[in-house]
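Q: Please read through the structure below; I'll follow up with questions.
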Amino acid sequence: MATLSGPQTQISDESLGELRMIVRGDVLTREDPGYAAVRPAYNAMHPGRPALVVRPTGAADVIVAINFARANGLVVAVRGGGHSVAGLSSVDGGLLIDLARMNGVVVDPEARTVRVQGGALIGDVDHETQAFGLVAPSGIVSDTGVAGLTLGGGEGWLRRKHGLAIDNLLSAQVVCADGELRTASADTNPDLFWALRGGGGNFGVVTSFTFRCHPVGPIVAFAGVFHPVEDAENVYRKFREWAATVPEEISAMIGCTTLPASENTPPEIHNRPFIVTGALYSGDSLEGQKIIQPLREIGTPLADISGPLPFAAVQAAFDEFFRRGTLRSYWKSTFVEELTDPILDIIMDKARSRPSDRVFVIAFQMGGAINRVGAGETAYSERSANWMISIDGNWADEADDDRVISWVRDAWAEVHAHGTGTQYLNFTGVEGEGVTAGVESAFGQNLVRLAEIKAKYDPQNLFRLNNNIVPAAGAGI
Ligand SMILES: Cc1cc2nc3c(=O)[nH]c(=O)nc-3n(C[C@H](O)[C@H](O)[C@H](O)COP(=O)(O)OP(=O)(O)OC[C@H]3O[C@@H](n4cnc5c(N)ncnc54)[C@H](O)[C@@H]3O)c2cc1C
């Protein structure tokens, strides 16, 4: 098996037998029938071929798996939902700890909190919380893992009213590199709690998260309006004007792409480039529809699917276009203070010149509750920008890898030159750049503290398949 120090190591039948005896979940080698059914990674560029997979049923198995990895010096990957755009939950030859069986979700409707195990997907959480008219803010595609999303920040349709996923995190339970299960909250191990809120999978395996929920839904006002790309000038500028006037209950976006035919989308947008404006109002649905109305009156749309819709349906609306293992992906993002004219010009130019149909050029409205948290209050440091621009390269054919990746990099560099200097690590590809790519700019002044906390909880950098923070020279626990 692949080791942290480089040379391969052989795991004896005896050690494997002992591991199988102690672990209550699955221990799978490539020869086991269950191996092929392990939850696949999202990014088709990184299917991974681990030598060994442990699928824990709870924290006890996670502890065993980590102790096994440490004792044998193994390269270890941790998979929550497997949606890492950079393929960071995939490994060749090492140990994969796949948390798919740990997808339990327990809502406390009175306290308005939800406890979520480390392998749950957004859809698992929305299903349980919506039964009580509650939402724990997370992300947009329901097949995405809550764990990786949260550990990197987590932005979704409620972000401006209720903040990022991390801004609603009350506590987490984490198995650290020494095999100890720790609680991280404002009162217990507050340094770990600070680091988990944006610092990624660097500090251990999170076995459960407890989030604050908010009353939203089940019916919400949603806008989804599709325009011909030829009308970009008008649509982008009017969208910007409208977005400047809306309350924090609205979180909006504007994006450009091309999608294949589907019975779930209007025929008018099939297989042709379009601009989509989207928004969700996290409050009274009737009030929301009034606020969204001007967005629906921009230009002459190709199609308009806006209306009062179930929140859970909105969350799953894009799922079919992001089926795991079907697309190769390389994304890069940057934050900007405002959508200035020069930035809009670049975005429109990139929208028109996308190198492949499934490439998205998106502007997400940020600000509001996100920016009321100080840059040093959580590891996630970007708390001033009002927009995030994401260039999402998605394509099917391996022959297009170099062409699309270099286009994304060039497009990103043009926008980034106008940005705050930060980027969103959950949307950061690392093809050839290495796992520390983007870490410095994403964390800014928080990186020094993060490296110290990394040295405390993972001095040997056992957890290195992530947006990696190199441990500072310092003592372990
Ligand atoms: C189609 C698509 C849509 C997306 N939409 C959004 C969105 O709306 N908002 C948003 O903010 N982001 C979004 N993302 C980005 C997403 O947040 C990241 O890809 C995130 O890493 C996914 O989490 P995961 O658990 O599925 O990832 P994984 O691939 O399982 O893991 C990603 C990283 O987190 C680590 N990790 C995973 N689980 C744990 C755990 N339990 N404990 C410790 N470390 C762990 C892994 O080791 C790895 O380094 C989207 C991504 C895709 C592909």
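By convention here, the chains of the structure tokens are called A, B, ... in the order presented, each chain's residues are numbered starting at 1, and ligands are numbered starting at 1 in the order presented.
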Within 7 Å of stretch 248-263 of chain A, counting only C-alpha atoms, which residues qualify if same-chain residues fewer than 4 places away don't, as a VMD selection string?
A: chain A and resid 157 to 161 267 270 to 283 351 357 to 365 368
Q: Identify, counting only C-alpha atoms and all ligand atoms, the protein, DNA and RNA residues located within 6 Å of ligand 1, and give them as a PyMOL selection string.
A: chain A and resi 77-85+88-89+118+139-141+144-149+154-156+200-201+204-207+322+426-427+465-466
Q: Smallest atom-to-atom distance to A:Val27: which of A:Asn43, A:Thr150, A:Thr57, A:Thr378, using only C-alpha atoms?
A: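 Closest residue, counting only C-alpha atoms: A:Thr57.
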Q: Please, which residues of stretch 183-318 of chain A, numbered as in this document, come out alpha helix (DSSP H) from DSSP, as an MDAnalysis selection string?
A: chainID A and resid 190:196 232:243 285:296 311:316
Q: Could you check which of A:Ile66, A:Leu95, A:Ala223, A:Val430 is closest to A:Ala2, using only C-alpha atoms?
A: A:Leu95
Q: Could you check which of A:Gly58, A:Gly73, A:Gly438, A:Pro137 is closest to A:Asp98, using only C-alpha atoms?
A: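 The answer is A:Gly58, which sits nearest to A:Asp98.
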Q: May I have the residues within 12 Å of A:Asp401 as an MDAnalysis selection string, using only C-alpha atoms and disregarding those fewer than 3 positions away in the same chain?
A: chainID A and resid 44:45 327:330 355:356 393:398 404:408 431
Q: Residues as selected, N, CA and C atoms, written as a PDB file, in the first residue's frame, can you do that?
A:
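The resulting file, again.pdb, is shown below:
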```
ATOM      1  N   ALA A  44     -14.825  12.847 -12.534  1.00  0.00           N
ATOM      2  CA  ALA A  44     -14.417  11.674 -13.318  1.00  0.00           C
ATOM      3  C   ALA A  44     -12.905  11.641 -13.559  1.00  0.00           C
ATOM      4  N   MET A  45     -12.226  12.764 -13.347  1.00  0.00           N
ATOM      5  CA  MET A  45     -10.758  12.762 -13.501  1.00  0.00           C
ATOM      6  C   MET A  45     -10.083  12.042 -12.339  1.00  0.00           C
ATOM      7  N   LEU A 327     -18.615  13.695 -15.363  1.00  0.00           N
ATOM      8  CA  LEU A 327     -17.921  14.853 -15.932  1.00  0.00           C
ATOM      9  C   LEU A 327     -16.526  14.995 -15.340  1.00  0.00           C
ATOM     10  N   ARG A 328     -15.637  15.515 -16.140  1.00  0.00           N
ATOM     11  CA  ARG A 328     -14.321  15.914 -15.644  1.00  0.00           C
ATOM     12  C   ARG A 328     -14.468  17.367 -15.214  1.00  0.00           C
ATOM     13  N   SER A 329     -13.849  17.742 -14.113  1.00  0.00           N
ATOM     14  CA  SER A 329     -14.083  19.088 -13.580  1.00  0.00           C
ATOM     15  C   SER A 329     -12.803  19.764 -13.116  1.00  0.00           C
ATOM     16  N   TYR A 330     -12.720  21.033 -13.444  1.00  0.00           N
ATOM     17  CA  TYR A 330     -11.648  21.894 -12.921  1.00  0.00           C
ATOM     18  C   TYR A 330     -12.257  23.276 -12.752  1.00  0.00           C
ATOM     19  N   PRO A 355     -15.135  27.229 -23.550  1.00  0.00           N
ATOM     20  CA  PRO A 355     -14.491  26.250 -24.440  1.00  0.00           C
ATOM     21  C   PRO A 355     -15.265  24.939 -24.560  1.00  0.00           C
ATOM     22  N   SER A 356     -16.306  24.761 -23.762  1.00  0.00           N
ATOM     23  CA  SER A 356     -17.048  23.510 -23.789  1.00  0.00           C
ATOM     24  C   SER A 356     -18.440  23.804 -23.226  1.00  0.00           C
ATOM     25  N   GLY A 393     -15.130  24.669 -14.899  1.00  0.00           N
ATOM     26  CA  GLY A 393     -14.869  23.858 -16.089  1.00  0.00           C
ATOM     27  C   GLY A 393     -15.411  22.446 -15.890  1.00  0.00           C
ATOM     28  N   ASN A 394     -16.369  22.047 -16.702  1.00  0.00           N
ATOM     29  CA  ASN A 394     -16.895  20.678 -16.699  1.00  0.00           C
ATOM     30  C   ASN A 394     -16.921  20.214 -18.153  1.00  0.00           C
ATOM     31  N   TRP A 395     -16.411  19.025 -18.405  1.00  0.00           N
ATOM     32  CA  TRP A 395     -16.400  18.492 -19.770  1.00  0.00           C
ATOM     33  C   TRP A 395     -16.337  16.972 -19.690  1.00  0.00           C
ATOM     34  N   ALA A 396     -16.558  16.303 -20.820  1.00  0.00           N
ATOM     35  CA  ALA A 396     -16.691  14.845 -20.770  1.00  0.00           C
ATOM     36  C   ALA A 396     -15.465  14.112 -21.309  1.00  0.00           C
ATOM     37  N   ASP A 397     -14.776  14.704 -22.288  1.00  0.00           N
ATOM     38  CA  ASP A 397     -13.755  13.969 -23.031  1.00  0.00           C
ATOM     39  C   ASP A 397     -12.355  14.268 -22.482  1.00  0.00           C
ATOM     40  N   GLU A 398     -11.632  13.209 -22.151  1.00  0.00           N
ATOM     41  CA  GLU A 398     -10.275  13.364 -21.608  1.00  0.00           C
ATOM     42  C   GLU A 398      -9.367  14.153 -22.559  1.00  0.00           C
ATOM     43  N   VAL A 404      -9.398  22.801 -21.763  1.00  0.00           N
ATOM     44  CA  VAL A 404     -10.382  23.432 -20.867  1.00  0.00           C
ATOM     45  C   VAL A 404      -9.682  23.969 -19.611  1.00  0.00           C
ATOM     46  N   ILE A 405      -8.766  23.162 -19.075  1.00  0.00           N
ATOM     47  CA  ILE A 405      -8.104  23.608 -17.838  1.00  0.00           C
ATOM     48  C   ILE A 405      -7.343  24.913 -18.083  1.00  0.00           C
ATOM     49  N   SER A 406      -6.643  25.000 -19.211  1.00  0.00           N
ATOM     50  CA  SER A 406      -5.890  26.244 -19.404  1.00  0.00           C
ATOM     51  C   SER A 406      -6.828  27.417 -19.676  1.00  0.00           C
ATOM     52  N   TRP A 407      -7.959  27.165 -20.316  1.00  0.00           N
ATOM     53  CA  TRP A 407      -8.932  28.257 -20.515  1.00  0.00           C
ATOM     54  C   TRP A 407      -9.463  28.743 -19.163  1.00  0.00           C
ATOM     55  N   VAL A 408      -9.791  27.791 -18.279  1.00  0.00           N
ATOM     56  CA  VAL A 408     -10.314  28.184 -16.953  1.00  0.00           C
ATOM     57  C   VAL A 408      -9.268  29.016 -16.214  1.00  0.00           C
ATOM     58  N   GLU A 431      -5.115  20.646 -10.291  1.00  0.00           N
ATOM     59  CA  GLU A 431      -4.442  19.819 -11.309  1.00  0.00           C
ATOM     60  C   GLU A 431      -3.038  20.345 -11.563  1.00  0.00           C
TER      61      GLU A 431
END
```
Q: Of the candidates A:Gly163, A:Ser171, A:Ser208, A:Tyr424, which one gets nearest to A:Ala369 if we count only C-alpha atoms?
A: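 Of the candidates, the smallest distance to A:Ala369 is held by A:Gly163.
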Q: Check the DSSP output for the backbone and give back, as an MDAnalysis selection string, the residues of stretch 251-300 of chain A in strand (DSSP E).
A: chainID A and resid 251:257 274:281
Q: Residues as selected, N, CA, C and O atoms, written as a compact mmCIF listing (two decimals), in the first residue's frame, can you do that?
A:
```
# COMPACT_ATOMS: atom_id res chain seq x y z
N SER A 251 -30.76 35.76 -1.91
CA SER A 251 -29.41 35.39 -2.35
C SER A 251 -29.56 35.08 -3.83
O SER A 251 -30.38 34.23 -4.20
N ALA A 252 -28.79 35.77 -4.67
CA ALA A 252 -28.99 35.67 -6.12
C ALA A 252 -27.72 35.23 -6.82
O ALA A 252 -26.62 35.25 -6.25
N MET A 253 -27.89 34.82 -8.06
CA MET A 253 -26.75 34.46 -8.91
C MET A 253 -27.11 34.73 -10.37
O MET A 253 -28.28 34.83 -10.74
N ILE A 254 -26.05 34.88 -11.18
CA ILE A 254 -26.26 34.94 -12.63
C ILE A 254 -25.18 34.07 -13.25
O ILE A 254 -24.01 34.13 -12.85
N GLY A 255 -25.57 33.23 -14.20
CA GLY A 255 -24.59 32.31 -14.77
C GLY A 255 -24.86 32.05 -16.22
O GLY A 255 -25.96 32.32 -16.73
N CYS A 256 -23.84 31.53 -16.91
CA CYS A 256 -23.99 31.18 -18.31
C CYS A 256 -23.50 29.76 -18.53
O CYS A 256 -22.45 29.38 -18.01
N THR A 257 -24.24 28.97 -19.27
CA THR A 257 -23.81 27.62 -19.63
C THR A 257 -24.67 27.11 -20.78
O THR A 257 -25.50 27.84 -21.34
N PHE A 274 -27.20 29.77 -22.71
CA PHE A 274 -28.16 30.69 -22.09
C PHE A 274 -27.53 31.35 -20.87
O PHE A 274 -26.55 30.87 -20.31
N ILE A 275 -28.15 32.45 -20.48
CA ILE A 275 -27.80 33.10 -19.22
C ILE A 275 -28.96 32.83 -18.29
O ILE A 275 -30.12 32.99 -18.67
N VAL A 276 -28.67 32.40 -17.08
CA VAL A 276 -29.75 32.17 -16.12
C VAL A 276 -29.57 33.12 -14.93
O VAL A 276 -28.45 33.28 -14.43
N THR A 277 -30.66 33.77 -14.56
CA THR A 277 -30.64 34.53 -13.31
C THR A 277 -31.44 33.73 -12.30
O THR A 277 -32.52 33.22 -12.61
N GLY A 278 -30.89 33.57 -11.11
CA GLY A 278 -31.56 32.78 -10.08
C GLY A 278 -31.56 33.52 -8.76
O GLY A 278 -30.65 34.32 -8.47
N ALA A 279 -32.59 33.29 -7.97
CA ALA A 279 -32.65 33.93 -6.65
C ALA A 279 -33.62 33.14 -5.77
O ALA A 279 -34.57 32.54 -6.26
N LEU A 280 -33.33 33.14 -4.49
CA LEU A 280 -34.26 32.55 -3.53
C LEU A 280 -34.48 33.55 -2.41
O LEU A 280 -33.54 34.23 -1.97
N TYR A 281 -35.74 33.66 -1.99
CA TYR A 281 -36.10 34.56 -0.89
C TYR A 281 -36.34 33.72 0.34
O TYR A 281 -37.26 32.88 0.35
```
Q: Counting only C-alpha atoms, which of A:Arg212, A:Arg70, A:His127, A:Arg197 gets nearest to A:Arg115?
A: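 Going through A:Arg212, A:Arg70, A:His127, A:Arg197 one by one, the smallest distance to A:Arg115 is for A:Arg212.
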Q: Could you list, as a ChimeraX atom specification, every residue within 10 Å of stretch 29-31 of chain A, counting only C-alpha atoms and ignoring same-chain residues fewer than 3 positions away?
A: /A:16,26,34-36,49-54,95
